[in-house]
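One file, final20.cif, carrying mmCIF, C-alpha atoms:
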```
data_final
loop_
_atom_site.group_PDB
_atom_site.id
_atom_site.type_symbol
_atom_site.label_atom_id
_atom_site.label_comp_id
_atom_site.auth_asym_id
_atom_site.auth_seq_id
_atom_site.Cartn_x
_atom_site.Cartn_y
_atom_site.Cartn_z
ATOM 1 C CA MET Y 84 -26.242 -36.634 56.842
ATOM 2 C CA PRO Y 85 -25.493 -40.310 56.201
ATOM 3 C CA THR Y 86 -22.580 -41.778 58.109
ATOM 4 C CA ARG Y 87 -19.611 -43.351 56.373
ATOM 5 C CA ALA Y 88 -21.296 -46.738 56.659
ATOM 6 C CA HIS Y 89 -23.972 -45.481 54.259
ATOM 7 C CA LEU Y 90 -21.625 -44.372 51.492
ATOM 8 C CA PRO Y 91 -21.164 -46.701 48.518
ATOM 9 C CA ALA Y 92 -17.614 -47.334 47.413
ATOM 10 C CA ALA Y 93 -16.786 -44.983 44.552
ATOM 11 C CA VAL Y 94 -15.428 -46.415 41.329
ATOM 12 C CA PRO Y 95 -11.853 -45.279 40.478
ATOM 13 C CA PRO Y 96 -11.989 -42.185 38.217
ATOM 14 C CA LEU Y 97 -11.649 -42.825 34.511
ATOM 15 C CA ALA Y 98 -8.285 -42.111 32.927
ATOM 16 C CA LEU Y 99 -8.236 -38.932 30.857
ATOM 17 C CA GLU Y 100 -7.382 -40.814 27.655
ATOM 18 C CA ARG Y 101 -10.640 -42.798 28.017
ATOM 19 C CA LEU Y 102 -12.868 -39.740 28.349
ATOM 20 C CA HIS Y 103 -15.216 -39.163 25.429
ATOM 21 C CA SER Y 104 -16.599 -35.990 26.977
ATOM 22 C CA LEU Y 105 -15.926 -33.889 30.058
ATOM 23 C CA VAL Y 106 -19.684 -33.917 30.783
ATOM 24 C CA GLU Y 107 -21.535 -37.156 31.593
ATOM 25 C CA ASN Y 108 -18.902 -39.529 30.295
ATOM 26 C CA ARG Y 109 -20.643 -42.924 30.408
ATOM 27 C CA THR Y 110 -19.462 -46.501 30.988
ATOM 28 C CA VAL Y 111 -22.101 -49.193 30.408
ATOM 29 C CA PHE Y 112 -22.364 -52.812 31.571
ATOM 30 C CA ALA Y 113 -25.319 -54.466 29.790
ATOM 31 C CA LEU Y 114 -26.782 -57.607 31.352
ATOM 32 C CA ASP Y 115 -29.934 -59.615 30.724
ATOM 33 C CA ALA Y 116 -32.124 -58.048 33.419
ATOM 34 C CA PHE Y 117 -30.633 -54.561 33.739
ATOM 35 C CA GLU Y 118 -28.111 -52.043 32.478
ATOM 36 C CA LEU Y 119 -25.502 -50.647 34.834
ATOM 37 C CA ASN Y 120 -24.218 -47.162 34.000
ATOM 38 C CA ILE Y 121 -21.384 -45.221 35.596
ATOM 39 C CA PHE Y 122 -21.497 -41.509 34.759
ATOM 40 C CA GLU Y 123 -18.519 -39.261 35.387
ATOM 41 C CA THR Y 124 -18.392 -35.500 34.908
ATOM 42 C CA HIS Y 125 -15.178 -33.435 34.818
ATOM 43 C CA ARG Y 126 -16.543 -29.967 34.082
ATOM 44 C CA ALA Y 127 -19.173 -27.719 35.647
ATOM 45 C CA ALA Y 128 -22.373 -27.725 33.612
ATOM 46 C CA HIS Y 129 -26.048 -26.887 33.937
ATOM 47 C CA ARG Y 130 -29.319 -28.451 32.771
ATOM 48 C CA VAL Y 131 -27.667 -31.482 31.165
ATOM 49 C CA PRO Y 132 -30.505 -33.730 29.890
ATOM 50 C CA LEU Y 133 -30.454 -37.481 30.549
ATOM 51 C CA ARG Y 134 -33.047 -40.179 29.942
ATOM 52 C CA LEU Y 135 -32.635 -43.894 30.707
ATOM 53 C CA GLU Y 136 -34.746 -46.781 29.475
ATOM 54 C CA GLY Y 137 -36.800 -48.441 32.197
ATOM 55 C CA LEU Y 138 -37.103 -47.467 35.836
ATOM 56 C CA SER Y 139 -33.683 -46.502 37.217
ATOM 57 C CA LEU Y 140 -32.078 -46.445 40.634
ATOM 58 C CA THR Y 141 -29.353 -43.805 40.663
ATOM 59 C CA THR Y 142 -26.794 -43.385 43.460
ATOM 60 C CA MET Y 143 -24.295 -40.594 43.979
ATOM 61 C CA LEU Y 144 -20.707 -41.758 44.508
ATOM 62 C CA ARG Y 145 -18.650 -38.547 44.357
ATOM 63 C CA GLY Y 146 -19.280 -34.820 44.196
ATOM 64 C CA LYS Y 147 -22.604 -33.004 43.990
ATOM 65 C CA LYS Y 148 -25.456 -32.671 41.523
ATOM 66 C CA VAL Y 149 -28.585 -30.564 41.476
ATOM 67 C CA MET Y 150 -31.454 -32.644 40.114
ATOM 68 C CA HIS Y 151 -34.404 -31.268 38.156
ATOM 69 C CA LEU Y 152 -37.183 -33.849 37.720
ATOM 70 C CA PRO Y 153 -40.636 -33.214 36.203
ATOM 71 C CA GLY Y 154 -43.167 -31.869 38.686
ATOM 72 C CA ARG Y 155 -40.708 -31.652 41.616
ATOM 73 C CA PRO Y 156 -38.627 -28.804 43.055
ATOM 74 C CA ALA Y 157 -34.915 -28.983 42.272
ATOM 75 C CA PHE Y 158 -32.828 -30.594 45.031
ATOM 76 C CA ASP Y 159 -29.176 -31.206 45.919
ATOM 77 C CA TYR Y 160 -28.004 -34.765 45.297
ATOM 78 C CA LEU Y 161 -25.043 -35.896 47.439
ATOM 79 C CA PRO Y 162 -22.957 -39.035 48.118
ATOM 80 C CA GLY Y 163 -24.798 -41.529 50.292
ATOM 81 C CA GLU Y 164 -28.115 -40.754 48.603
ATOM 82 C CA SER Y 165 -30.164 -42.434 45.876
ATOM 83 C CA VAL Y 166 -32.943 -41.285 43.560
ATOM 84 C CA VAL Y 167 -35.513 -43.497 41.856
ATOM 85 C CA VAL Y 168 -36.252 -42.170 38.367
ATOM 86 C CA GLY Y 169 -39.403 -43.277 36.554
ATOM 87 C CA GLU Y 170 -39.410 -45.144 33.262
ATOM 88 C CA ASP Y 171 -38.204 -42.857 30.444
ATOM 89 C CA GLU Y 172 -38.381 -39.863 32.808
ATOM 90 C CA LEU Y 173 -36.280 -36.905 31.677
ATOM 91 C CA MET Y 174 -33.645 -35.760 34.168
ATOM 92 C CA GLU Y 175 -32.000 -32.358 33.876
ATOM 93 C CA ILE Y 176 -28.844 -32.131 35.947
ATOM 94 C CA ASP Y 177 -26.568 -29.349 37.191
ATOM 95 C CA PHE Y 178 -22.925 -30.058 38.051
ATOM 96 C CA PRO Y 179 -21.932 -26.927 39.999
ATOM 97 C CA ASP Y 180 -18.611 -28.185 41.413
ATOM 98 C CA ALA Y 181 -17.320 -30.733 38.874
ATOM 99 C CA CYS Y 182 -13.733 -30.347 37.627
ATOM 100 C CA LEU Y 183 -10.861 -32.519 36.390
ATOM 101 C CA CYS Y 184 -9.380 -32.808 39.877
ATOM 102 C CA GLN Y 185 -12.741 -33.588 41.528
ATOM 103 C CA PRO Y 186 -15.026 -35.430 39.103
ATOM 104 C CA THR Y 187 -18.660 -36.012 39.913
ATOM 105 C CA GLN Y 188 -19.585 -39.690 39.738
ATOM 106 C CA CYS Y 189 -22.989 -41.367 39.734
ATOM 107 C CA LEU Y 190 -24.207 -44.941 39.354
ATOM 108 C CA ALA Y 191 -27.465 -45.734 37.549
ATOM 109 C CA VAL Y 192 -29.138 -49.148 37.313
ATOM 110 C CA ALA Y 193 -31.820 -49.214 34.594
ATOM 111 C CA ILE Y 194 -34.172 -52.136 35.304
ATOM 112 C CA ALA Y 195 -36.524 -53.835 32.860
ATOM 113 C CA PRO Y 196 -40.216 -53.468 33.865
ATOM 114 C CA ASP Y 197 -40.775 -57.244 33.661
ATOM 115 C CA THR Y 198 -38.017 -57.835 36.210
ATOM 116 C CA ILE Y 199 -39.626 -55.411 38.659
ATOM 117 C CA ARG Y 200 -43.090 -56.910 38.164
ATOM 118 C CA GLN Y 201 -41.851 -60.481 38.665
ATOM 119 C CA THR Y 202 -40.007 -59.589 41.875
ATOM 120 C CA VAL Y 203 -42.972 -57.662 43.311
ATOM 121 C CA ASP Y 204 -45.410 -60.470 42.409
ATOM 122 C CA LEU Y 205 -43.144 -63.042 44.073
ATOM 123 C CA LEU Y 206 -42.943 -61.002 47.284
ATOM 124 C CA ASN Y 207 -46.700 -60.438 47.447
ATOM 125 C CA GLU Y 208 -47.384 -64.116 46.845
ATOM 126 C CA ARG Y 209 -44.839 -65.666 49.226
ATOM 127 C CA TYR Y 210 -43.951 -62.916 51.696
ATOM 128 C CA PRO Y 211 -46.985 -60.616 52.080
ATOM 129 C CA LYS Y 212 -46.774 -57.483 54.191
ATOM 130 C CA ALA Y 213 -48.599 -56.982 57.480
ATOM 131 C CA GLU Y 214 -51.414 -55.024 55.815
ATOM 132 C CA PRO Y 215 -52.928 -56.794 52.751
ATOM 133 C CA ALA Y 216 -54.220 -53.421 51.518
ATOM 134 C CA GLN Y 217 -50.608 -52.190 51.305
ATOM 135 C CA PRO Y 218 -48.820 -54.774 49.113
ATOM 136 C CA TRP Y 219 -45.174 -54.658 48.085
ATOM 137 C CA ALA Y 220 -44.601 -51.928 45.488
ATOM 138 C CA LEU Y 221 -42.112 -49.226 44.644
ATOM 139 C CA ALA Y 222 -43.245 -45.999 46.288
ATOM 140 C CA GLY Y 223 -44.146 -42.931 44.267
ATOM 141 C CA PRO Y 224 -42.319 -39.619 43.704
ATOM 142 C CA ASP Y 225 -42.671 -38.464 47.338
ATOM 143 C CA TYR Y 226 -40.300 -41.257 48.370
ATOM 144 C CA ALA Y 227 -37.960 -41.236 45.377
ATOM 145 C CA HIS Y 228 -35.090 -39.313 47.027
ATOM 146 C CA LEU Y 229 -33.539 -41.569 49.675
ATOM 147 C CA THR Y 230 -30.703 -41.701 52.158
ATOM 148 C CA ASN Y 231 -29.003 -45.046 51.551
ATOM 149 C CA THR Y 232 -29.201 -47.687 54.249
ATOM 150 C CA PRO Y 233 -26.157 -49.908 54.856
ATOM 151 C CA GLU Y 234 -28.146 -52.824 53.408
ATOM 152 C CA LEU Y 235 -28.976 -50.977 50.181
ATOM 153 C CA THR Y 236 -25.389 -49.785 49.841
ATOM 154 C CA GLY Y 237 -23.993 -53.279 50.316
ATOM 155 C CA THR Y 238 -26.288 -54.725 47.654
ATOM 156 C CA LEU Y 239 -25.356 -51.976 45.196
ATOM 157 C CA GLU Y 240 -21.672 -52.683 45.732
ATOM 158 C CA ARG Y 241 -22.216 -56.397 45.054
ATOM 159 C CA LEU Y 242 -24.193 -55.561 41.910
ATOM 160 C CA VAL Y 243 -21.316 -53.432 40.606
ATOM 161 C CA ALA Y 244 -18.809 -56.179 41.415
ATOM 162 C CA VAL Y 245 -20.739 -58.947 39.638
ATOM 163 C CA SER Y 246 -21.442 -56.686 36.629
ATOM 164 C CA ARG Y 247 -17.716 -56.136 36.104
ATOM 165 C CA THR Y 248 -16.692 -59.810 36.296
ATOM 166 C CA THR Y 249 -16.162 -62.203 33.378
ATOM 167 C CA ASP Y 250 -17.744 -65.139 35.224
ATOM 168 C CA ALA Y 251 -19.692 -67.446 32.879
ATOM 169 C CA ALA Y 252 -22.618 -67.376 35.328
ATOM 170 C CA LYS Y 253 -22.541 -63.573 35.557
ATOM 171 C CA ASP Y 254 -26.125 -63.003 34.395
ATOM 172 C CA VAL Y 255 -27.508 -65.592 36.808
ATOM 173 C CA LEU Y 256 -25.608 -64.122 39.757
ATOM 174 C CA ALA Y 257 -26.566 -60.600 38.719
ATOM 175 C CA GLY Y 258 -30.219 -61.608 38.484
ATOM 176 C CA PHE Y 259 -30.254 -62.805 42.102
ATOM 177 C CA THR Y 260 -28.437 -59.674 43.256
ATOM 178 C CA LEU Y 261 -30.882 -57.470 41.352
ATOM 179 C CA GLN Y 262 -33.818 -59.144 43.099
ATOM 180 C CA GLU Y 263 -32.158 -58.388 46.425
ATOM 181 C CA LEU Y 264 -31.582 -54.798 45.308
ATOM 182 C CA LEU Y 265 -35.297 -54.341 44.572
ATOM 183 C CA VAL Y 266 -36.208 -55.768 47.969
ATOM 184 C CA ARG Y 267 -33.689 -53.492 49.710
ATOM 185 C CA LEU Y 268 -35.001 -50.504 47.763
ATOM 186 C CA MET Y 269 -38.604 -51.182 48.813
ATOM 187 C CA GLN Y 270 -37.499 -51.709 52.421
ATOM 188 C CA THR Y 271 -35.601 -48.409 52.332
ATOM 189 C CA GLN Y 272 -38.677 -46.620 50.992
ATOM 190 C CA ALA Y 273 -40.807 -48.296 53.665
ATOM 191 C CA ARG Y 274 -38.430 -46.990 56.340
ATOM 192 C CA GLN Y 275 -38.829 -43.477 54.996
ATOM 193 C CA LEU Y 276 -42.604 -43.880 54.718
ATOM 194 C CA ILE Y 277 -43.163 -45.215 58.263
ATOM 195 C CA PHE Y 278 -40.097 -44.172 60.271
ATOM 196 C CA GLN Y 279 -40.167 -40.549 59.084
ATOM 197 C CA ASP Y 280 -43.865 -39.993 58.294
ATOM 198 C CA TYR Y 281 -45.461 -42.338 60.827
ATOM 199 C CA ALA Y 282 -48.026 -39.721 61.945
ATOM 200 C CA LYS Y 283 -49.701 -39.910 58.530
ATOM 201 C CA HIS Y 284 -50.208 -43.677 58.790
ATOM 202 C CA LEU Y 285 -51.325 -44.283 62.373
ATOM 203 C CA THR Y 286 -54.778 -45.508 61.278
ATOM 204 C CA THR Y 287 -53.599 -47.638 58.351
ATOM 205 C CA ASN Y 288 -50.311 -49.275 59.360
ATOM 206 C CA PRO Y 289 -49.689 -51.130 62.658
ATOM 207 C CA PHE Y 290 -45.982 -50.320 62.579
ATOM 208 C CA ALA Y 291 -46.673 -46.574 62.530
ATOM 209 C CA ALA Y 292 -48.117 -46.861 66.055
ATOM 210 C CA VAL Y 293 -45.037 -48.841 67.114
ATOM 211 C CA VAL Y 294 -42.699 -46.135 65.785
ATOM 212 C CA GLN Y 295 -44.705 -43.479 67.599
ATOM 213 C CA TYR Y 296 -44.498 -45.448 70.852
ATOM 214 C CA ILE Y 297 -40.738 -45.923 70.477
ATOM 215 C CA ARG Y 298 -40.199 -42.212 69.831
ATOM 216 C CA GLN Y 299 -42.308 -41.278 72.871
ATOM 217 C CA HIS Y 300 -40.618 -43.757 75.243
ATOM 218 C CA LEU Y 301 -37.056 -43.815 73.910
ATOM 219 C CA ALA Y 302 -35.415 -43.403 77.331
ATOM 220 C CA GLU Y 303 -37.464 -46.264 78.837
ATOM 221 C CA PRO Y 304 -37.108 -50.043 78.446
ATOM 222 C CA LEU Y 305 -38.692 -51.138 75.149
ATOM 223 C CA PRO Y 306 -39.227 -54.902 75.265
ATOM 224 C CA VAL Y 307 -40.411 -56.587 72.092
ATOM 225 C CA GLU Y 308 -43.407 -57.955 74.053
ATOM 226 C CA LYS Y 309 -44.662 -54.410 74.616
ATOM 227 C CA LEU Y 310 -44.078 -53.363 71.010
ATOM 228 C CA SER Y 311 -45.860 -56.428 69.644
ATOM 229 C CA ALA Y 312 -48.850 -55.589 71.870
ATOM 230 C CA VAL Y 313 -48.923 -52.057 70.435
ATOM 231 C CA ALA Y 314 -48.982 -53.627 66.936
ATOM 232 C CA CYS Y 315 -51.694 -56.113 68.045
ATOM 233 C CA MET Y 316 -49.546 -59.075 66.953
ATOM 234 C CA SER Y 317 -47.902 -62.017 68.596
ATOM 235 C CA LYS Y 318 -44.245 -61.494 69.480
ATOM 236 C CA ALA Y 319 -43.050 -63.924 66.765
ATOM 237 C CA THR Y 320 -45.288 -62.431 64.048
ATOM 238 C CA PHE Y 321 -44.324 -58.863 64.961
ATOM 239 C CA PHE Y 322 -40.601 -59.628 64.911
ATOM 240 C CA ARG Y 323 -40.826 -61.503 61.574
ATOM 241 C CA LEU Y 324 -42.976 -58.933 59.750
ATOM 242 C CA PHE Y 325 -41.057 -55.924 61.066
ATOM 243 C CA LYS Y 326 -37.773 -57.320 59.751
ATOM 244 C CA ARG Y 327 -39.391 -58.359 56.456
ATOM 245 C CA GLU Y 328 -40.863 -54.939 55.741
ATOM 246 C CA PHE Y 329 -37.984 -52.738 56.913
ATOM 247 C CA GLY Y 330 -34.892 -54.933 56.558
ATOM 248 C CA LEU Y 331 -33.820 -54.658 60.207
ATOM 249 C CA THR Y 332 -35.078 -56.009 63.524
ATOM 250 C CA PRO Y 333 -37.064 -53.931 66.047
ATOM 251 C CA VAL Y 334 -34.045 -53.992 68.379
ATOM 252 C CA GLU Y 335 -31.755 -52.686 65.616
ATOM 253 C CA TYR Y 336 -34.239 -49.900 64.897
ATOM 254 C CA ILE Y 337 -34.385 -48.897 68.566
ATOM 255 C CA VAL Y 338 -30.574 -48.773 68.733
ATOM 256 C CA ARG Y 339 -30.420 -46.519 65.672
ATOM 257 C CA GLU Y 340 -33.094 -44.195 67.086
ATOM 258 C CA ARG Y 341 -31.282 -43.981 70.420
ATOM 259 C CA LEU Y 342 -27.990 -43.220 68.697
ATOM 260 C CA ALA Y 343 -29.666 -40.495 66.644
ATOM 261 C CA GLU Y 344 -31.060 -39.000 69.850
ATOM 262 C CA ALA Y 345 -27.630 -39.267 71.478
ATOM 263 C CA LYS Y 346 -26.067 -37.343 68.586
ATOM 264 C CA ARG Y 347 -28.682 -34.634 68.965
ATOM 265 C CA LEU Y 348 -28.065 -34.372 72.728
ATOM 266 C CA LEU Y 349 -24.279 -34.362 72.351
ATOM 267 C CA SER Y 350 -24.493 -31.142 70.355
ATOM 268 C CA HIS Y 351 -25.628 -29.333 73.537
ATOM 269 C CA PRO Y 352 -22.535 -27.718 75.095
ATOM 270 C CA LEU Y 353 -23.486 -28.491 78.723
ATOM 271 C CA ALA Y 354 -24.503 -32.132 78.290
ATOM 272 C CA THR Y 355 -22.042 -34.736 79.526
ATOM 273 C CA VAL Y 356 -21.548 -38.104 77.825
ATOM 274 C CA ALA Y 357 -22.911 -39.894 80.916
ATOM 275 C CA GLU Y 358 -26.065 -37.746 80.906
ATOM 276 C CA VAL Y 359 -26.588 -38.318 77.194
ATOM 277 C CA CYS Y 360 -26.173 -42.058 77.675
ATOM 278 C CA LEU Y 361 -29.100 -42.189 80.130
ATOM 279 C CA ARG Y 362 -31.343 -39.699 78.352
ATOM 280 C CA ALA Y 363 -30.987 -41.601 75.069
ATOM 281 C CA GLY Y 364 -32.091 -44.847 76.708
ATOM 282 C CA PHE Y 365 -28.754 -46.581 77.310
ATOM 283 C CA ASN Y 366 -28.236 -47.730 80.893
ATOM 284 C CA ASN Y 367 -24.612 -48.820 80.511
ATOM 285 C CA LEU Y 368 -21.975 -46.211 79.696
ATOM 286 C CA SER Y 369 -19.362 -48.655 78.379
ATOM 287 C CA TYR Y 370 -21.923 -50.320 76.091
ATOM 288 C CA PHE Y 371 -23.095 -46.909 74.833
ATOM 289 C CA GLN Y 372 -19.534 -45.793 74.053
ATOM 290 C CA ALA Y 373 -18.686 -49.031 72.220
ATOM 291 C CA LEU Y 374 -21.922 -48.980 70.221
ATOM 292 C CA PHE Y 375 -21.555 -45.314 69.319
ATOM 293 C CA LYS Y 376 -18.016 -45.890 68.032
ATOM 294 C CA LYS Y 377 -19.133 -48.941 66.044
ATOM 295 C CA TYR Y 378 -21.846 -47.003 64.199
ATOM 296 C CA GLU Y 379 -20.293 -43.530 63.993
ATOM 297 C CA GLY Y 380 -16.569 -44.315 63.773
ATOM 298 C CA LEU Y 381 -15.597 -42.224 66.820
ATOM 299 C CA THR Y 382 -16.379 -42.089 70.533
ATOM 300 C CA PRO Y 383 -19.236 -39.950 71.946
ATOM 301 C CA GLY Y 384 -16.659 -37.650 73.557
ATOM 302 C CA ALA Y 385 -14.829 -37.139 70.264
ATOM 303 C CA TYR Y 386 -18.126 -36.564 68.462
ATOM 304 C CA LYS Y 387 -19.109 -33.935 71.037
ATOM 305 C CA LYS Y 388 -15.810 -32.081 70.613
ATOM 306 C CA GLN Y 389 -16.276 -32.170 66.854
ATOM 307 C CA GLN Y 390 -19.730 -30.596 67.155
ATOM 308 C CA LEU Y 391 -18.528 -27.800 69.408
ATOM 309 C CA VAL Y 392 -15.647 -26.643 67.190
#
```

Using structure tokens, write down the structure from this file.
Amino acid sequence: MPTRAHLPAAVPPLALERLHSLVENRTVFALDAFELNIFETHRAAHRVPLRLEGLSLTTMLRGKKVMHLPGRPAFDYLPGESVVVGEDELMEIDFPDACLCQPTQCLAVAIAPDTIRQTVDLLNERYPKAEPAQPWALAGPDYAHLTNTPELTGTLERLVAVSRTTDAAKDVLAGFTLQELLVRLMQTQARQLIFQDYAKHLTTNPFAAVVQYIRQHLAEPLPVEKLSAVACMSKATFFRLFKREFGLTPVEYIVRERLAEAKRLLSHPLATVAEVCLRAGFNNLSYFQALFKKYEGLTPGAYKKQQLV
């Protein structure tokens, strides 16, 4: 499950007098490069059809949906998650829990194909990826359902804010923010591709071997010099390309992996916080406790008690 840091800020529910329908009530902000839609549902419904022009990034803000997309099994769609929907692709949506007191709310950004192509071309020309055979591109259906990263969430929130302003330069500001959104989206997909499915890419992507090494040596020191050697790159090149492709530094990735391992270990009833600290690769208990609280919003001890209830 995503932590609170990964949840976009929900838009205040629409007043009842503004509702045109209890199912998929829609507010639209039309700009030059994209269309921002906020959908709100106040009644349980099933197989509601929806089609948006252009490729769309949708993000759940409140409640729960069940998504039915062509050629894919149905799946639950929850706050803190996003789904990339292909151009003119038909969505069929269930709203099992929606009601007037707990509306379901979803954000959808429909992006013009030219805008996507221009952003991708610019990245490939000026900021190429580590492997020339794997240029910047939006990933296919296998990587369309995403857990939001803090970076993607933050960009989405800024896009909503600029779309709702009356600033004379609104379209210019929105255009820059949209470019950032596309970059963050591709970085988020790259994280899913390599961080989660690294075993499939060990022979084609140098960072897959790095992820494997980190996972296998998580409790040991992991200096960037060692990781860059695994990737067969200089330290400076490795650091620069890793951050470019995934949107976070190697050190930030290691911290997140160690915290994820710590959460897993804390669920064991006999494990102490001090033991978990060392087994997850942290050699300073105070640092581990402060970092855990920063990312998770509570101390390791409080998290452990929560898991054992």

I want to know what sits within 7 Å of Leu324 (chain Y), based on only C-alpha atoms, with residues of the same chain fewer than 3 positions away left out; could you give that as a PyMOL selection string?
chain Y and resi 212-213+320-321+327-328

Would you kindly return, as a list in words, each protein, DNA or RNA residue with an atom no farther than 6 Å from any atom of region 181-194 of chain Y, considering all atoms listed in the file and excluding same-chain residues fewer than 4 positions away?
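Residues meeting the cut-off are Phe117, Glu118, Leu119, Asn120, Ile121, Phe122, Glu123, Thr124, His125, Arg126, Ala127, Gly137, Leu138, Ser139, Leu140, Thr141, Thr142, Met143, Leu144, Arg145 and Gly146 of chain Y.
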
Residues in the PyMOL selection byres ((chain Y and resi 159) around 9), expressed as number ranges by chain
Y: 147-150, 157-158, 160-161

I'd like to see the residues matched by the PyMOL selection byres ((chain Y and resi 385-389) around 10) on this file, and ideally I'd get them as a list in words.
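That expression, the PyMOL selection byres ((chain Y and resi 385-389) around 10), corresponds here to Lys346, Arg347, Leu348, Leu349, Ser350, His351, Pro352, Ala354, Thr355, Val356, Phe375, Lys376, Glu379, Gly380, Leu381, Thr382, Pro383, Gly384, Gln390, Leu391 and Val392 of chain Y.
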
Write the residues of the preceding selection, restricted to C-alpha atoms, as a PDB file, keeping the file's coordinate frame.
```pdb
ATOM      1  CA  LYS Y 346     -26.067 -37.343  68.586  1.00  0.00           C
ATOM      2  CA  ARG Y 347     -28.682 -34.634  68.965  1.00  0.00           C
ATOM      3  CA  LEU Y 348     -28.065 -34.372  72.728  1.00  0.00           C
ATOM      4  CA  LEU Y 349     -24.279 -34.362  72.351  1.00  0.00           C
ATOM      5  CA  SER Y 350     -24.493 -31.142  70.355  1.00  0.00           C
ATOM      6  CA  HIS Y 351     -25.628 -29.333  73.537  1.00  0.00           C
ATOM      7  CA  PRO Y 352     -22.535 -27.718  75.095  1.00  0.00           C
ATOM      8  CA  ALA Y 354     -24.503 -32.132  78.290  1.00  0.00           C
ATOM      9  CA  THR Y 355     -22.042 -34.736  79.526  1.00  0.00           C
ATOM     10  CA  VAL Y 356     -21.548 -38.104  77.825  1.00  0.00           C
ATOM     11  CA  PHE Y 375     -21.555 -45.314  69.319  1.00  0.00           C
ATOM     12  CA  LYS Y 376     -18.016 -45.890  68.032  1.00  0.00           C
ATOM     13  CA  GLU Y 379     -20.293 -43.530  63.993  1.00  0.00           C
ATOM     14  CA  GLY Y 380     -16.569 -44.315  63.773  1.00  0.00           C
ATOM     15  CA  LEU Y 381     -15.597 -42.224  66.820  1.00  0.00           C
ATOM     16  CA  THR Y 382     -16.379 -42.089  70.533  1.00  0.00           C
ATOM     17  CA  PRO Y 383     -19.236 -39.950  71.946  1.00  0.00           C
ATOM     18  CA  GLY Y 384     -16.659 -37.650  73.557  1.00  0.00           C
ATOM     19  CA  GLN Y 390     -19.730 -30.596  67.155  1.00  0.00           C
ATOM     20  CA  LEU Y 391     -18.528 -27.800  69.408  1.00  0.00           C
ATOM     21  CA  VAL Y 392     -15.647 -26.643  67.190  1.00  0.00           C
TER      22      VAL Y 392
END
```

With the PyMOL selection byres ((chain Y and resi 266-270) around 6) as the selection, what would be picked from this file? Answer as a list in words, please.
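Selection result, ordered by chain and number: Leu221, Leu235, Glu263, Leu264, Leu265, Thr271, Gln272, Ala273, Glu328, Phe329 and Gly330 of chain Y.
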
With only C-alpha atoms as the counted atoms, please give the residues lying no more than 10 Å from region 295-303 of chain Y, apart from itself and same-chain residues fewer than 4 positions off, as number ranges by chain.
Y: 277-278, 280-282, 285, 290-291, 309-310, 313, 333, 336-338, 340-341, 344, 360-366

How big is the axis-aligned box around all listed atoms of region 345-360 of chain Y once 8 Å goes on each side, and where's its centre, in Å to one decimal, as AutoDock Vina command-line options?
```
--center_x -25.1 --center_y -34.9 --center_z 74.8 --size_x 23.1 --size_y 30.3 --size_z 28.3
```

For Ala116 (chain Y), which residue out of Y:Lys253, Y:Lys283, Y:Lys377, Y:Arg274 is the nearest one, using all atoms listed in the file?
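When distances to Ala116 (chain Y) are compared using all atoms listed in the file, the smallest one comes from Y:Lys253.
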
Interatomic distance, CA of Glu175 (chain Y) to CA of Pro153 (chain Y) (Å, one decimal):
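Straight-line distance from CA of Glu175 (chain Y) to CA of Pro153 (chain Y) works out to 9.0 Å.
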
One number please: CA of Asp180 (chain Y) to CA of Thr236 (chain Y), in Å, one decimal.
24.2 Å

Tell me, in Å to one decimal, how far CA of Gly163 (chain Y) is from CA of Arg339 (chain Y).
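Straight-line distance from CA of Gly163 (chain Y) to CA of Arg339 (chain Y) works out to 17.1 Å.
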
Using only C-alpha atoms, the shortest atom-to-atom distance to Glu335 (chain Y) among Y:Asp225, Y:Tyr378, Y:Ala319, Y:Tyr370 belongs to Y:Tyr378

For Ala128 (chain Y): contacts at 8 Å, only C-alpha atoms, fewer than 2 positions along chain excluded, given as a count of residues only:
8

I'd like to know which of Y:Asn207, Y:Thr202, Y:Gln217, Y:Thr260 is closest to Val243 (chain Y), using only C-alpha atoms.
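Nearest candidate to Val243 (chain Y) out of Y:Asn207, Y:Thr202, Y:Gln217, Y:Thr260: Y:Thr260.
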
Closest contacts (region 232-320 of chain Y/region 109-115 of chain Y, max 10 Å, all atoms listed in the file) as a Markdown table:
```
| residue | atom | partner | partner_atom | distance |
| --- | --- | --- | --- | --- |
| Y:Val243 | CA | Y:Phe112 | CA | 9.1 |
| Y:Ser246 | CA | Y:Phe112 | CA | 6.4 |
| Y:Arg247 | CA | Y:Phe112 | CA | 7.3 |
| Y:Lys253 | CA | Y:Leu114 | CA | 8.4 |
| Y:Asp254 | CA | Y:Leu114 | CA | 6.2 |
| Y:Val255 | CA | Y:Asp115 | CA | 8.9 |
| Y:Ala257 | CA | Y:Leu114 | CA | 8.0 |
| Y:Gly258 | CA | Y:Asp115 | CA | 8.0 |
```

Just the selected residues (C-alpha atoms), exported as a PDB file, in the coordinates of the input, please.
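File produced: result.pdb:
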```pdb
ATOM      1  CA  VAL Y 243     -21.316 -53.432  40.606  1.00  0.00           C
ATOM      2  CA  SER Y 246     -21.442 -56.686  36.629  1.00  0.00           C
ATOM      3  CA  ARG Y 247     -17.716 -56.136  36.104  1.00  0.00           C
ATOM      4  CA  LYS Y 253     -22.541 -63.573  35.557  1.00  0.00           C
ATOM      5  CA  ASP Y 254     -26.125 -63.003  34.395  1.00  0.00           C
ATOM      6  CA  VAL Y 255     -27.508 -65.592  36.808  1.00  0.00           C
ATOM      7  CA  ALA Y 257     -26.566 -60.600  38.719  1.00  0.00           C
ATOM      8  CA  GLY Y 258     -30.219 -61.608  38.484  1.00  0.00           C
TER       9      GLY Y 258
END
```

Would you list the contacts of Val334 (chain Y) as a list in words, taking every protein, DNA or RNA residue within 9 Å and counting all atoms listed in the file, but skipping same-chain residues closer than 5 positions in sequence?
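Answer for this query is Leu305, Pro306, Val307 and Arg339 of chain Y.
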